[in-house]
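**Q** For reference, the file final21.pdb (PDB, C-alpha atoms and all ligand atoms) is included below:
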ATOM      1  CA  MET Z   1       0.000   0.000   0.000  1.00  0.00           C
ATOM      2  CA  SER Z   2       1.590   3.301  -1.043  1.00  0.00           C
ATOM      3  CA  TRP Z   3       1.775   6.506   1.021  1.00  0.00           C
ATOM      4  CA  ARG Z   4      -1.642   8.123   0.911  1.00  0.00           C
ATOM      5  CA  ALA Z   5      -2.764  11.738   1.217  1.00  0.00           C
ATOM      6  CA  THR Z   6      -6.412  12.630   1.738  1.00  0.00           C
ATOM      7  CA  ILE Z   7      -7.207  16.326   1.520  1.00  0.00           C
ATOM      8  CA  LEU Z   8     -10.457  17.587   3.028  1.00  0.00           C
ATOM      9  CA  THR Z   9     -11.265  20.804   1.204  1.00  0.00           C
ATOM     10  CA  LEU Z  10     -13.996  22.983  -0.251  1.00  0.00           C
ATOM     11  CA  PHE Z  11     -12.001  23.011  -3.500  1.00  0.00           C
ATOM     12  CA  PRO Z  12     -11.187  19.403  -4.434  1.00  0.00           C
ATOM     13  CA  GLY Z  13     -10.557  20.464  -8.030  1.00  0.00           C
ATOM     14  CA  MET Z  14      -7.330  22.161  -6.871  1.00  0.00           C
ATOM     15  CA  PHE Z  15      -5.703  18.706  -6.385  1.00  0.00           C
ATOM     16  CA  PRO Z  16      -3.310  17.280  -7.391  1.00  0.00           C
ATOM     17  CA  GLY Z  17      -2.666  20.663  -9.058  1.00  0.00           C
ATOM     18  CA  THR Z  18       1.051  21.380  -9.186  1.00  0.00           C
ATOM     19  CA  LEU Z  19       1.662  18.030  -7.475  1.00  0.00           C
ATOM     20  CA  GLY Z  20       0.573  16.366 -10.722  1.00  0.00           C
ATOM     21  CA  GLN Z  21       3.736  17.729 -12.436  1.00  0.00           C
ATOM     22  CA  SER Z  22       7.454  17.042 -12.265  1.00  0.00           C
ATOM     23  CA  LEU Z  23       8.880  14.858  -9.455  1.00  0.00           C
ATOM     24  CA  ALA Z  24       5.657  14.479  -7.414  1.00  0.00           C
ATOM     25  CA  GLY Z  25       3.594  14.031 -10.568  1.00  0.00           C
ATOM     26  CA  ARG Z  26       5.806  11.261 -11.915  1.00  0.00           C
ATOM     27  CA  ALA Z  27       5.710   9.572  -8.495  1.00  0.00           C
ATOM     28  CA  LEU Z  28       1.905   9.848  -8.460  1.00  0.00           C
ATOM     29  CA  GLU Z  29       1.705   8.293 -11.903  1.00  0.00           C
ATOM     30  CA  ALA Z  30       4.080   5.524 -10.816  1.00  0.00           C
ATOM     31  CA  GLY Z  31       1.851   4.750  -7.804  1.00  0.00           C
ATOM     32  CA  LEU Z  32       4.511   5.745  -5.226  1.00  0.00           C
ATOM     33  CA  TRP Z  33       1.871   7.829  -3.463  1.00  0.00           C
ATOM     34  CA  GLN Z  34      -1.881   8.441  -3.736  1.00  0.00           C
ATOM     35  CA  CYS Z  35      -3.831  11.682  -3.533  1.00  0.00           C
ATOM     36  CA  ASP Z  36      -7.585  11.847  -2.869  1.00  0.00           C
ATOM     37  CA  ALA Z  37      -9.378  15.146  -2.424  1.00  0.00           C
ATOM     38  CA  VAL Z  38     -12.661  15.025  -0.511  1.00  0.00           C
ATOM     39  CA  ASP Z  39     -15.254  17.775  -0.928  1.00  0.00           C
ATOM     40  CA  ILE Z  40     -16.305  18.963   2.546  1.00  0.00           C
ATOM     41  CA  ARG Z  41     -19.404  20.518   0.980  1.00  0.00           C
ATOM     42  CA  GLY Z  42     -20.604  17.014   0.141  1.00  0.00           C
ATOM     43  CA  PHE Z  43     -21.288  16.565   3.897  1.00  0.00           C
ATOM     44  CA  ALA Z  44     -23.556  19.609   4.224  1.00  0.00           C
ATOM     45  CA  ALA Z  45     -27.070  18.617   5.166  1.00  0.00           C
ATOM     46  CA  ASP Z  46     -29.175  21.468   3.786  1.00  0.00           C
ATOM     47  CA  ARG Z  47     -30.433  22.264   0.336  1.00  0.00           C
ATOM     48  CA  HIS Z  48     -27.929  25.114  -0.113  1.00  0.00           C
ATOM     49  CA  ARG Z  49     -25.029  22.897   0.980  1.00  0.00           C
ATOM     50  CA  THR Z  50     -24.037  25.430   3.653  1.00  0.00           C
ATOM     51  CA  VAL Z  51     -20.693  24.771   5.368  1.00  0.00           C
ATOM     52  CA  ASP Z  52     -20.172  28.006   7.333  1.00  0.00           C
ATOM     53  CA  ASP Z  53     -21.886  30.342   9.745  1.00  0.00           C
ATOM     54  CA  THR Z  54     -21.261  33.650  11.534  1.00  0.00           C
ATOM     55  CA  PRO Z  55     -18.783  33.673  14.445  1.00  0.00           C
ATOM     56  CA  PHE Z  56     -20.092  33.581  18.009  1.00  0.00           C
ATOM     57  CA  GLY Z  57     -18.917  36.749  19.745  1.00  0.00           C
ATOM     58  CA  GLY Z  58     -19.273  38.772  16.553  1.00  0.00           C
ATOM     59  CA  GLY Z  59     -16.638  39.963  14.138  1.00  0.00           C
ATOM     60  CA  ALA Z  60     -16.036  39.827  10.428  1.00  0.00           C
ATOM     61  CA  GLY Z  61     -16.094  36.722   8.272  1.00  0.00           C
ATOM     62  CA  MET Z  62     -17.545  33.253   8.513  1.00  0.00           C
ATOM     63  CA  VAL Z  63     -16.455  30.098  10.330  1.00  0.00           C
ATOM     64  CA  MET Z  64     -16.634  26.529   9.020  1.00  0.00           C
ATOM     65  CA  ARG Z  65     -19.171  24.518  11.026  1.00  0.00           C
ATOM     66  CA  PRO Z  66     -17.897  21.730  13.310  1.00  0.00           C
ATOM     67  CA  ASP Z  67     -20.676  19.239  12.467  1.00  0.00           C
ATOM     68  CA  ILE Z  68     -20.034  19.389   8.700  1.00  0.00           C
ATOM     69  CA  VAL Z  69     -16.239  19.225   9.058  1.00  0.00           C
ATOM     70  CA  ASP Z  70     -16.586  16.372  11.564  1.00  0.00           C
ATOM     71  CA  ALA Z  71     -18.662  14.311   9.135  1.00  0.00           C
ATOM     72  CA  ALA Z  72     -15.996  14.809   6.450  1.00  0.00           C
ATOM     73  CA  ILE Z  73     -13.238  13.732   8.865  1.00  0.00           C
ATOM     74  CA  ALA Z  74     -15.255  10.670   9.953  1.00  0.00           C
ATOM     75  CA  ALA Z  75     -15.530   9.535   6.335  1.00  0.00           C
ATOM     76  CA  SER Z  76     -11.727   9.373   6.002  1.00  0.00           C
ATOM     77  CA  GLU Z  77     -11.011   8.013   9.502  1.00  0.00           C
ATOM     78  CA  ASP Z  78      -8.019   5.666   9.731  1.00  0.00           C
ATOM     79  CA  GLU Z  79      -4.593   5.467  11.384  1.00  0.00           C
ATOM     80  CA  ARG Z  80      -3.058   8.343   9.410  1.00  0.00           C
ATOM     81  CA  PRO Z  81      -2.362  11.572  11.328  1.00  0.00           C
ATOM     82  CA  LEU Z  82      -4.868  14.373  10.860  1.00  0.00           C
ATOM     83  CA  VAL Z  83      -3.341  17.806  10.257  1.00  0.00           C
ATOM     84  CA  TYR Z  84      -5.174  21.132  10.214  1.00  0.00           C
ATOM     85  CA  LEU Z  85      -3.229  23.709   8.209  1.00  0.00           C
ATOM     86  CA  THR Z  86      -3.539  27.029  10.019  1.00  0.00           C
ATOM     87  CA  PRO Z  87      -1.398  30.121  10.622  1.00  0.00           C
ATOM     88  CA  ARG Z  88      -2.043  29.467  14.335  1.00  0.00           C
ATOM     89  CA  GLY Z  89      -0.199  26.135  14.155  1.00  0.00           C
ATOM     90  CA  LEU Z  90       3.376  25.187  14.981  1.00  0.00           C
ATOM     91  CA  PRO Z  91       5.710  25.966  12.071  1.00  0.00           C
ATOM     92  CA  LEU Z  92       6.272  23.076   9.652  1.00  0.00           C
ATOM     93  CA  ASN Z  93       9.879  21.906   9.643  1.00  0.00           C
ATOM     94  CA  GLN Z  94      11.970  19.216   7.973  1.00  0.00           C
ATOM     95  CA  ALA Z  95      11.933  16.951  11.051  1.00  0.00           C
ATOM     96  CA  ARG Z  96       8.116  16.852  11.027  1.00  0.00           C
ATOM     97  CA  VAL Z  97       8.093  16.318   7.254  1.00  0.00           C
ATOM     98  CA  GLN Z  98      10.523  13.410   7.627  1.00  0.00           C
ATOM     99  CA  ARG Z  99       8.378  11.707  10.277  1.00  0.00           C
ATOM    100  CA  LEU Z 100       5.212  12.161   8.211  1.00  0.00           C
ATOM    101  CA  ALA Z 101       6.960  10.713   5.145  1.00  0.00           C
ATOM    102  CA  GLU Z 102       7.982   7.646   7.176  1.00  0.00           C
ATOM    103  CA  GLY Z 103       4.353   6.948   8.175  1.00  0.00           C
ATOM    104  CA  PRO Z 104       1.376   5.598   6.183  1.00  0.00           C
ATOM    105  CA  GLY Z 105       0.385   9.034   4.865  1.00  0.00           C
ATOM    106  CA  VAL Z 106      -1.589  12.004   6.099  1.00  0.00           C
ATOM    107  CA  ARG Z 107      -5.088  13.491   6.204  1.00  0.00           C
ATOM    108  CA  LEU Z 108      -5.074  17.253   5.651  1.00  0.00           C
ATOM    109  CA  LEU Z 109      -7.817  19.607   6.676  1.00  0.00           C
ATOM    110  CA  CYS Z 110      -8.022  22.864   4.702  1.00  0.00           C
ATOM    111  CA  GLY Z 111      -9.746  25.876   6.210  1.00  0.00           C
ATOM    112  CA  ARG Z 112     -11.384  28.746   4.318  1.00  0.00           C
ATOM    113  CA  TYR Z 113     -12.999  31.997   5.504  1.00  0.00           C
ATOM    114  CA  GLU Z 114     -11.894  32.752   9.100  1.00  0.00           C
ATOM    115  CA  GLY Z 115     -11.070  29.097   9.672  1.00  0.00           C
ATOM    116  CA  ILE Z 116     -12.705  26.058  11.295  1.00  0.00           C
ATOM    117  CA  ASP Z 117     -14.653  25.882  14.590  1.00  0.00           C
ATOM    118  CA  GLN Z 118     -11.995  25.010  17.207  1.00  0.00           C
ATOM    119  CA  ARG Z 119     -14.139  22.325  18.868  1.00  0.00           C
ATOM    120  CA  VAL Z 120     -13.836  19.882  15.970  1.00  0.00           C
ATOM    121  CA  ILE Z 121     -10.078  20.476  15.721  1.00  0.00           C
ATOM    122  CA  GLU Z 122      -9.694  19.524  19.378  1.00  0.00           C
ATOM    123  CA  ALA Z 123     -12.318  16.749  19.437  1.00  0.00           C
ATOM    124  CA  ARG Z 124     -10.573  15.035  16.498  1.00  0.00           C
ATOM    125  CA  GLY Z 125      -7.080  15.625  17.932  1.00  0.00           C
ATOM    126  CA  ALA Z 126      -5.899  17.363  14.765  1.00  0.00           C
ATOM    127  CA  GLU Z 127      -2.315  18.611  14.804  1.00  0.00           C
ATOM    128  CA  GLU Z 128      -2.202  22.324  13.883  1.00  0.00           C
ATOM    129  CA  ILE Z 129       0.589  23.200  11.456  1.00  0.00           C
ATOM    130  CA  SER Z 130       1.506  26.509   9.824  1.00  0.00           C
ATOM    131  CA  VAL Z 131       3.580  26.964   6.669  1.00  0.00           C
ATOM    132  CA  GLY Z 132       4.763  30.430   7.672  1.00  0.00           C
ATOM    133  CA  ASP Z 133       4.002  33.700   9.378  1.00  0.00           C
ATOM    134  CA  TYR Z 134       1.634  35.077   6.757  1.00  0.00           C
ATOM    135  CA  VAL Z 135      -2.052  34.517   6.006  1.00  0.00           C
ATOM    136  CA  LEU Z 136      -3.195  32.739   2.840  1.00  0.00           C
ATOM    137  CA  SER Z 137      -6.812  32.516   1.754  1.00  0.00           C
ATOM    138  CA  GLY Z 138      -7.144  28.771   2.271  1.00  0.00           C
ATOM    139  CA  GLY Z 139      -5.387  25.625   3.436  1.00  0.00           C
ATOM    140  CA  GLU Z 140      -4.976  24.173  -0.064  1.00  0.00           C
ATOM    141  CA  LEU Z 141      -1.610  25.783  -0.917  1.00  0.00           C
ATOM    142  CA  PRO Z 142      -0.237  24.974   2.564  1.00  0.00           C
ATOM    143  CA  SER Z 143      -1.375  21.353   2.016  1.00  0.00           C
ATOM    144  CA  MET Z 144       0.488  21.253  -1.275  1.00  0.00           C
ATOM    145  CA  VAL Z 145       3.595  22.627   0.424  1.00  0.00           C
ATOM    146  CA  LEU Z 146       3.434  19.919   3.086  1.00  0.00           C
ATOM    147  CA  LEU Z 147       2.729  17.181   0.527  1.00  0.00           C
ATOM    148  CA  ASP Z 148       5.508  18.242  -1.826  1.00  0.00           C
ATOM    149  CA  ALA Z 149       7.973  18.220   1.079  1.00  0.00           C
ATOM    150  CA  CYS Z 150       6.847  14.703   2.138  1.00  0.00           C
ATOM    151  CA  VAL Z 151       6.499  13.089  -1.292  1.00  0.00           C
ATOM    152  CA  ARG Z 152      10.061  13.897  -2.393  1.00  0.00           C
ATOM    153  CA  LEU Z 153      11.322  11.914   0.628  1.00  0.00           C
ATOM    154  CA  LEU Z 154       9.317   8.763  -0.165  1.00  0.00           C
ATOM    155  CA  PRO Z 155      11.382   5.747  -1.238  1.00  0.00           C
ATOM    156  CA  GLY Z 156      11.971   5.721  -5.004  1.00  0.00           C
ATOM    157  CA  VAL Z 157      10.813   9.305  -5.622  1.00  0.00           C
ATOM    158  CA  MET Z 158      14.189  11.065  -5.760  1.00  0.00           C
ATOM    159  CA  GLY Z 159      17.057   9.601  -7.731  1.00  0.00           C
ATOM    160  CA  ALA Z 160      20.654   9.704  -6.525  1.00  0.00           C
ATOM    161  CA  ALA Z 161      21.022  12.936  -8.495  1.00  0.00           C
ATOM    162  CA  GLU Z 162      18.467  14.614  -6.221  1.00  0.00           C
ATOM    163  CA  SER Z 163      19.646  13.264  -2.868  1.00  0.00           C
ATOM    164  CA  ALA Z 164      18.119  14.782   0.275  1.00  0.00           C
ATOM    165  CA  THR Z 165      21.066  13.971   2.501  1.00  0.00           C
ATOM    166  CA  GLU Z 166      23.037  17.189   1.990  1.00  0.00           C
ATOM    167  CA  GLU Z 167      20.265  19.733   1.566  1.00  0.00           C
ATOM    168  CA  SER Z 168      19.138  22.534   3.858  1.00  0.00           C
ATOM    169  CA  PHE Z 169      17.984  21.413   7.340  1.00  0.00           C
ATOM    170  CA  ALA Z 170      19.285  17.837   6.843  1.00  0.00           C
ATOM    171  CA  GLU Z 171      21.958  18.562   9.461  1.00  0.00           C
ATOM    172  CA  GLY Z 172      20.278  21.499  11.157  1.00  0.00           C
ATOM    173  CA  LEU Z 173      22.019  23.992   8.839  1.00  0.00           C
ATOM    174  CA  LEU Z 174      21.093  25.853   5.662  1.00  0.00           C
ATOM    175  CA  GLU Z 175      22.808  24.472   2.597  1.00  0.00           C
ATOM    176  CA  TYR Z 176      26.038  25.849   1.083  1.00  0.00           C
ATOM    177  CA  PRO Z 177      25.724  27.783  -2.228  1.00  0.00           C
ATOM    178  CA  HIS Z 178      25.872  26.026  -5.620  1.00  0.00           C
ATOM    179  CA  TYR Z 179      27.729  26.916  -8.833  1.00  0.00           C
ATOM    180  CA  THR Z 180      27.877  25.390 -12.326  1.00  0.00           C
ATOM    181  CA  ARG Z 181      29.382  26.171 -15.770  1.00  0.00           C
ATOM    182  CA  PRO Z 182      30.580  28.534 -17.065  1.00  0.00           C
ATOM    183  CA  ALA Z 183      33.412  28.867 -14.533  1.00  0.00           C
ATOM    184  CA  GLU Z 184      33.408  32.600 -15.241  1.00  0.00           C
ATOM    185  CA  TRP Z 185      30.183  34.509 -15.923  1.00  0.00           C
ATOM    186  CA  ARG Z 186      29.969  38.296 -16.350  1.00  0.00           C
ATOM    187  CA  GLY Z 187      33.422  38.549 -14.840  1.00  0.00           C
ATOM    188  CA  LEU Z 188      32.355  36.562 -11.768  1.00  0.00           C
ATOM    189  CA  ALA Z 189      34.463  33.502 -10.980  1.00  0.00           C
ATOM    190  CA  VAL Z 190      33.269  30.532  -8.930  1.00  0.00           C
ATOM    191  CA  PRO Z 191      35.101  29.986  -5.607  1.00  0.00           C
ATOM    192  CA  PRO Z 192      38.494  28.512  -6.694  1.00  0.00           C
ATOM    193  CA  VAL Z 193      38.347  25.644  -4.163  1.00  0.00           C
ATOM    194  CA  LEU Z 194      35.451  24.114  -6.130  1.00  0.00           C
ATOM    195  CA  LEU Z 195      37.741  23.726  -9.167  1.00  0.00           C
ATOM    196  CA  SER Z 196      40.627  22.289  -7.129  1.00  0.00           C
ATOM    197  CA  GLY Z 197      39.564  18.634  -7.262  1.00  0.00           C
ATOM    198  CA  ASN Z 198      40.513  18.427  -3.571  1.00  0.00           C
ATOM    199  CA  HIS Z 199      37.456  16.707  -2.081  1.00  0.00           C
ATOM    200  CA  ALA Z 200      38.427  17.266   1.549  1.00  0.00           C
ATOM    201  CA  ALA Z 201      38.987  20.988   0.926  1.00  0.00           C
ATOM    202  CA  ILE Z 202      35.672  21.227  -0.949  1.00  0.00           C
ATOM    203  CA  ALA Z 203      33.791  19.503   1.895  1.00  0.00           C
ATOM    204  CA  ALA Z 204      35.436  21.802   4.462  1.00  0.00           C
ATOM    205  CA  TRP Z 205      34.583  24.923   2.406  1.00  0.00           C
ATOM    206  CA  ARG Z 206      30.975  23.797   1.980  1.00  0.00           C
ATOM    207  CA  HIS Z 207      30.595  23.101   5.678  1.00  0.00           C
ATOM    208  CA  ALA Z 208      32.066  26.492   6.599  1.00  0.00           C
ATOM    209  CA  GLU Z 209      29.706  28.220   4.125  1.00  0.00           C
ATOM    210  CA  ALA Z 210      26.707  26.317   5.545  1.00  0.00           C
ATOM    211  CA  GLU Z 211      27.669  27.482   9.038  1.00  0.00           C
ATOM    212  CA  ARG Z 212      28.309  31.079   7.947  1.00  0.00           C
ATOM    213  CA  ILE Z 213      25.000  31.444   6.129  1.00  0.00           C
ATOM    214  CA  THR Z 214      23.012  29.763   8.916  1.00  0.00           C
ATOM    215  CA  ARG Z 215      24.568  32.021  11.577  1.00  0.00           C
ATOM    216  CA  LEU Z 216      23.874  35.099   9.457  1.00  0.00           C
ATOM    217  CA  ARG Z 217      20.340  34.331   8.222  1.00  0.00           C
ATOM    218  CA  ARG Z 218      18.884  32.017  10.831  1.00  0.00           C
ATOM    219  CA  PRO Z 219      20.270  32.649  14.314  1.00  0.00           C
ATOM    220  CA  ASP Z 220      17.400  30.496  15.657  1.00  0.00           C
ATOM    221  CA  LEU Z 221      18.545  27.456  13.640  1.00  0.00           C
ATOM    222  CA  TRP Z 222      22.186  28.151  14.470  1.00  0.00           C
ATOM    223  CA  ALA Z 223      21.417  28.243  18.195  1.00  0.00           C
ATOM    224  CA  SER Z 224      19.581  24.899  18.108  1.00  0.00           C
ATOM    225  CA  SER Z 225      22.266  23.275  15.960  1.00  0.00           C
ATOM    226  CA  ALA Z 226      24.962  24.512  18.410  1.00  0.00           C
ATOM    227  CA  GLN Z 227      22.832  23.229  21.288  1.00  0.00           C
ATOM    228  CA  ALA Z 228      22.435  19.790  19.634  1.00  0.00           C
ATOM    229  CA  ALA Z 229      26.217  19.589  19.124  1.00  0.00           C
ATOM    230  CA  THR Z 230      26.847  20.040  22.867  1.00  0.00           C
ATOM    231  CA  ASN Z 231      24.286  17.351  23.892  1.00  0.00           C
TER     232      ASN Z 231
HETATM  233  C1  LIG P 301      -7.934  33.455   5.674  1.00  0.00           C
HETATM  234  S1  LIG P 301      -7.231  32.083   6.500  1.00  0.00           S
HETATM  235  C2  LIG P 301      -7.825  32.288   8.151  1.00  0.00           C
HETATM  236  C3  LIG P 301      -6.871  33.046   8.993  1.00  0.00           C
HETATM  237  C4  LIG P 301      -7.297  33.079  10.471  1.00  0.00           C
HETATM  238  N1  LIG P 301      -8.457  33.902  10.645  1.00  0.00           N
HETATM  239  C5  LIG P 301      -6.154  33.613  11.306  1.00  0.00           C
HETATM  240  O1  LIG P 301      -6.038  34.838  11.442  1.00  0.00           O
HETATM  241  O2  LIG P 301      -5.341  32.818  11.822  1.00  0.00           O
HETATM  242  C6  LIG P 301      -8.180  30.719   5.912  1.00  0.00           C
HETATM  243  C7  LIG P 301      -7.495  29.370   5.996  1.00  0.00           C
HETATM  244  O3  LIG P 301      -6.300  29.402   5.235  1.00  0.00           O
HETATM  245  C8  LIG P 301      -5.364  28.482   5.762  1.00  0.00           C
HETATM  246  N2  LIG P 301      -4.096  29.192   6.005  1.00  0.00           N
HETATM  247  C9  LIG P 301      -3.880  30.507   5.804  1.00  0.00           C
HETATM  248  N3  LIG P 301      -2.621  30.849   6.089  1.00  0.00           N
HETATM  249  C10 LIG P 301      -1.988  29.717   6.466  1.00  0.00           C
HETATM  250  C11 LIG P 301      -0.654  29.424   6.896  1.00  0.00           C
HETATM  251  N4  LIG P 301       0.263  30.372   7.010  1.00  0.00           N
HETATM  252  N5  LIG P 301      -0.358  28.149   7.211  1.00  0.00           N
HETATM  253  C12 LIG P 301      -1.286  27.170   7.121  1.00  0.00           C
HETATM  254  N6  LIG P 301      -2.577  27.400   6.741  1.00  0.00           N
HETATM  255  C13 LIG P 301      -2.931  28.647   6.412  1.00  0.00           C
HETATM  256  C14 LIG P 301      -5.992  27.882   7.025  1.00  0.00           C
HETATM  257  O4  LIG P 301      -6.549  26.617   6.715  1.00  0.00           O
HETATM  258  C15 LIG P 301      -7.071  28.897   7.364  1.00  0.00           C
HETATM  259  O5  LIG P 301      -8.120  28.302   8.080  1.00  0.00           O
END
Take the structure in the file and give it back as structure tokens.
Ligand SMILES: C[S@@+](CC[C@H](N)C(=O)[O-])C[C@H]1O[C@@H](n2cnc3c(N)ncnc32)[C@H](O)[C@@H]1O
**A**
Amino acid sequence: MSWRATILTLFPGMFPGTLGQSLAGRALEAGLWQCDAVDIRGFAADRHRTVDDTPFGGGAGMVMRPDIVDAAIAASEDERPLVYLTPRGLPLNQARVQRLAEGPGVRLLCGRYEGIDQRVIEARGAEEISVGDYVLSGGELPSMVLLDACVRLLPGVMGAAESATEESFAEGLLEYPHYTRPAEWRGLAVPPVLLSGNHAAIAAWRHAEAERITRLRRPDLWASSAQAATN
């Protein structure tokens, strides 16, 4: 049984979307993962297929109803983790992606409007995950971000040429910079060590660059990587 993603959404037609192209798309075609989008509106009970209502306590916008969302979750119930994509969640990181990719798959809950009634999120034990400190109009793009990150780690998806072992976050650091031909472009030369053929010197330069860039751009990552090194 391949890794399976079920996306609960008001816009099932958005899937697989960009995930139907390139690496993830080829893997989908090859059966290395499965993607089913479930229309939450299909669980609405009234004639107008209403899924939202006004927020208790007042305020702008609409909130997705817990009873409708709960029925949609119940229809896809199994052992896979349930994730609600929300800017209020914990930030997605490579460690979480790795663990999700090692499991049987994931069920993703996409909000719209002001979001989903909190009671169903808690009653169903959904994990709340954010893809960044900005607000998008729905959970579909965040779901695609999470899925793309997971799918590329599934066995057989990436070839040796696209190895995940040296990339950003693999060792708690951002990755070193890359260069290719021509060796000189617009008067700009590539760092000479990369042309030296000295593998030990190249590895040392890359490691130093990874450390430098992480310290400069992501002091938070640098602090936790330094902390991990002392434990
Ligand atoms: C307009 S947003 C709701 C924002 C919410 N009122 C807030 O301020 O936190 C609608 C939906 O988009 C999704 N969404 C928006 N930004 C997101 C982010 N940064 N990470 C994950 N999901 C996000 C969530 O599913 C959310 O329920």
**Q** Taking all atoms listed in the file into account, produce a table as a Markdown table in which each residue of chain Z with an atom at most 6 Å from an atom of ligand LIG 301 (chain P) appears once, together with its shortest atom pair and the distance in Å to one decimal, ordered by chain and rising number.
**A**
| residue | atom | partner | partner_atom | distance |
| --- | --- | --- | --- | --- |
| Z:Leu85 | CA | P:LIG301 | N6 | 4.0 |
| Z:Thr86 | CA | P:LIG301 | N6 | 3.4 |
| Z:Pro87 | CA | P:LIG301 | C11 | 3.9 |
| Z:Arg88 | CA | P:LIG301 | O2 | 5.3 |
| Z:Cys110 | CA | P:LIG301 | O4 | 4.5 |
| Z:Gly111 | CA | P:LIG301 | O4 | 3.3 |
| Z:Arg112 | CA | P:LIG301 | C6 | 4.1 |
| Z:Tyr113 | CA | P:LIG301 | C6 | 5.0 |
| Z:Glu114 | CA | P:LIG301 | N1 | 3.9 |
| Z:Gly115 | CA | P:LIG301 | O5 | 3.4 |
| Z:Ser130 | CA | P:LIG301 | N5 | 3.6 |
| Z:Val131 | CA | P:LIG301 | N5 | 4.1 |
| Z:Gly132 | CA | P:LIG301 | N4 | 4.5 |
| Z:Asp133 | CA | P:LIG301 | N4 | 5.5 |
| Z:Tyr134 | CA | P:LIG301 | N4 | 4.9 |
| Z:Val135 | CA | P:LIG301 | N3 | 3.7 |
| Z:Leu136 | CA | P:LIG301 | C9 | 3.8 |
| Z:Ser137 | CA | P:LIG301 | C1 | 4.2 |
| Z:Gly138 | CA | P:LIG301 | O3 | 3.1 |
| Z:Gly139 | CA | P:LIG301 | O4 | 3.6 |
| Z:Pro142 | CA | P:LIG301 | C12 | 5.2 |
**Q** Could you list, with a cut-off of 9 Å and counting all atoms listed in the file, the residues of region 110-161 of chain Z near region 91-102 of chain Z, each shown with its nearest atom pair and the distance in Å rounded to one decimal, rows sorted by chain and ascending number, as a tab-separated table?
**A**
residue	atom	partner	partner_atom	distance
Z:Glu128	CA	Z:Pro91	CA	8.9
Z:Ile129	CA	Z:Pro91	CA	5.9
Z:Ser130	CA	Z:Pro91	CA	4.8
Z:Val131	CA	Z:Leu92	CA	5.6
Z:Gly132	CA	Z:Pro91	CA	6.3
Z:Asp133	CA	Z:Pro91	CA	8.4
Z:Leu146	CA	Z:Val97	CA	7.2
Z:Leu147	CA	Z:Val97	CA	8.6
Z:Ala149	CA	Z:Val97	CA	6.5
Z:Cys150	CA	Z:Ala101	CA	5.0
Z:Val151	CA	Z:Ala101	CA	6.9
Z:Arg152	CA	Z:Ala101	CA	8.8
Z:Leu153	CA	Z:Ala101	CA	6.4
Z:Leu154	CA	Z:Ala101	CA	6.1
**Q** To one decimal place, how far is CA of Trp205 (chain Z) from CA of Thr230 (chain Z) in Å?
**A**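 Going from CA of Trp205 (chain Z) over to CA of Thr230 (chain Z) covers 22.4 Å.
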**Q** Quick one: apply the PyMOL selection byres (((chain Z and resi 37) around 9) and not hetatm) to the file and drop the selected residues here as number ranges by chain.
**A** Z: 5-9, 11-16, 35-36, 38-39
**Q** Please save C-alpha atoms of the selected residues as a compact mmCIF listing (two decimals), in the coordinates of the input.
**A**
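Wrote out.txt, looks like this:
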# COMPACT_ATOMS: atom_id res chain seq x y z
CA ALA Z 5 -2.76 11.74 1.22
CA THR Z 6 -6.41 12.63 1.74
CA ILE Z 7 -7.21 16.33 1.52
CA LEU Z 8 -10.46 17.59 3.03
CA THR Z 9 -11.26 20.80 1.20
CA PHE Z 11 -12.00 23.01 -3.50
CA PRO Z 12 -11.19 19.40 -4.43
CA GLY Z 13 -10.56 20.46 -8.03
CA MET Z 14 -7.33 22.16 -6.87
CA PHE Z 15 -5.70 18.71 -6.38
CA PRO Z 16 -3.31 17.28 -7.39
CA CYS Z 35 -3.83 11.68 -3.53
CA ASP Z 36 -7.58 11.85 -2.87
CA VAL Z 38 -12.66 15.02 -0.51
CA ASP Z 39 -15.25 17.77 -0.93
**Q** May I ask for the distance between CA of Glu122 (chain Z) and CA of Arg47 (chain Z), given in Å to one decimal place?
**A**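 Distance reported for this atom pair: 28.3 Å.
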**Q** Just checking: using all atoms listed in the file, which residue out of Z:Asp117, Z:Thr18, Z:His207, Z:Glu167 ends up closest to Asp52 (chain Z)?
**A**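 Among the listed residues, the smallest separation from Asp52 (chain Z) belongs to Z:Asp117.
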**Q** Could you list, as a count of residues only, every residue within 12 Å of Arg181 (chain Z), counting all atoms listed in the file and ignoring same-chain residues fewer than 6 positions away?
**A** 5
**Q** Starting from the PyMOL selection byres (((chain Z and resi 174) around 6) and not hetatm), expand the selection into actual residues of this file and give them as an mmCIF file with C-alpha atoms, in the coordinates of the input.
**A**
data_model
loop_
_atom_site.group_PDB
_atom_site.id
_atom_site.type_symbol
_atom_site.label_atom_id
_atom_site.label_comp_id
_atom_site.auth_asym_id
_atom_site.auth_seq_id
_atom_site.Cartn_x
_atom_site.Cartn_y
_atom_site.Cartn_z
ATOM 1 C CA SER Z 168 19.138 22.534 3.858
ATOM 2 C CA PHE Z 169 17.984 21.413 7.340
ATOM 3 C CA LEU Z 173 22.019 23.992 8.839
ATOM 4 C CA GLU Z 175 22.808 24.472 2.597
ATOM 5 C CA ALA Z 210 26.707 26.317 5.545
ATOM 6 C CA THR Z 214 23.012 29.763 8.916
#
**Q** Rounded to one decimal in Å, what is the spacing between CA of Gly103 (chain Z) and CA of Gly42 (chain Z)?
**A**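 We find that CA of Gly103 (chain Z) and CA of Gly42 (chain Z) lie 28.1 Å from each other.
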**Q** Around region 18-34 of chain Z, fit a box with edges along x, y and z, padding it by 6 Å on each side, then list its centre and edge lengths in Å to one decimal as lines of an AutoDock Vina configuration file.
**A**
center_x = 3.5
center_y = 13.1
center_z = -7.9
size_x = 22.8
size_y = 28.6
size_z = 21.0
**Q** Select, from Z:Leu82, Z:Ala223, Z:Val157, Z:Ile121, the residue with the minimum atom-to-atom distance to Gly31 (chain Z), counting all atoms listed in the file.
**A** Z:Val157
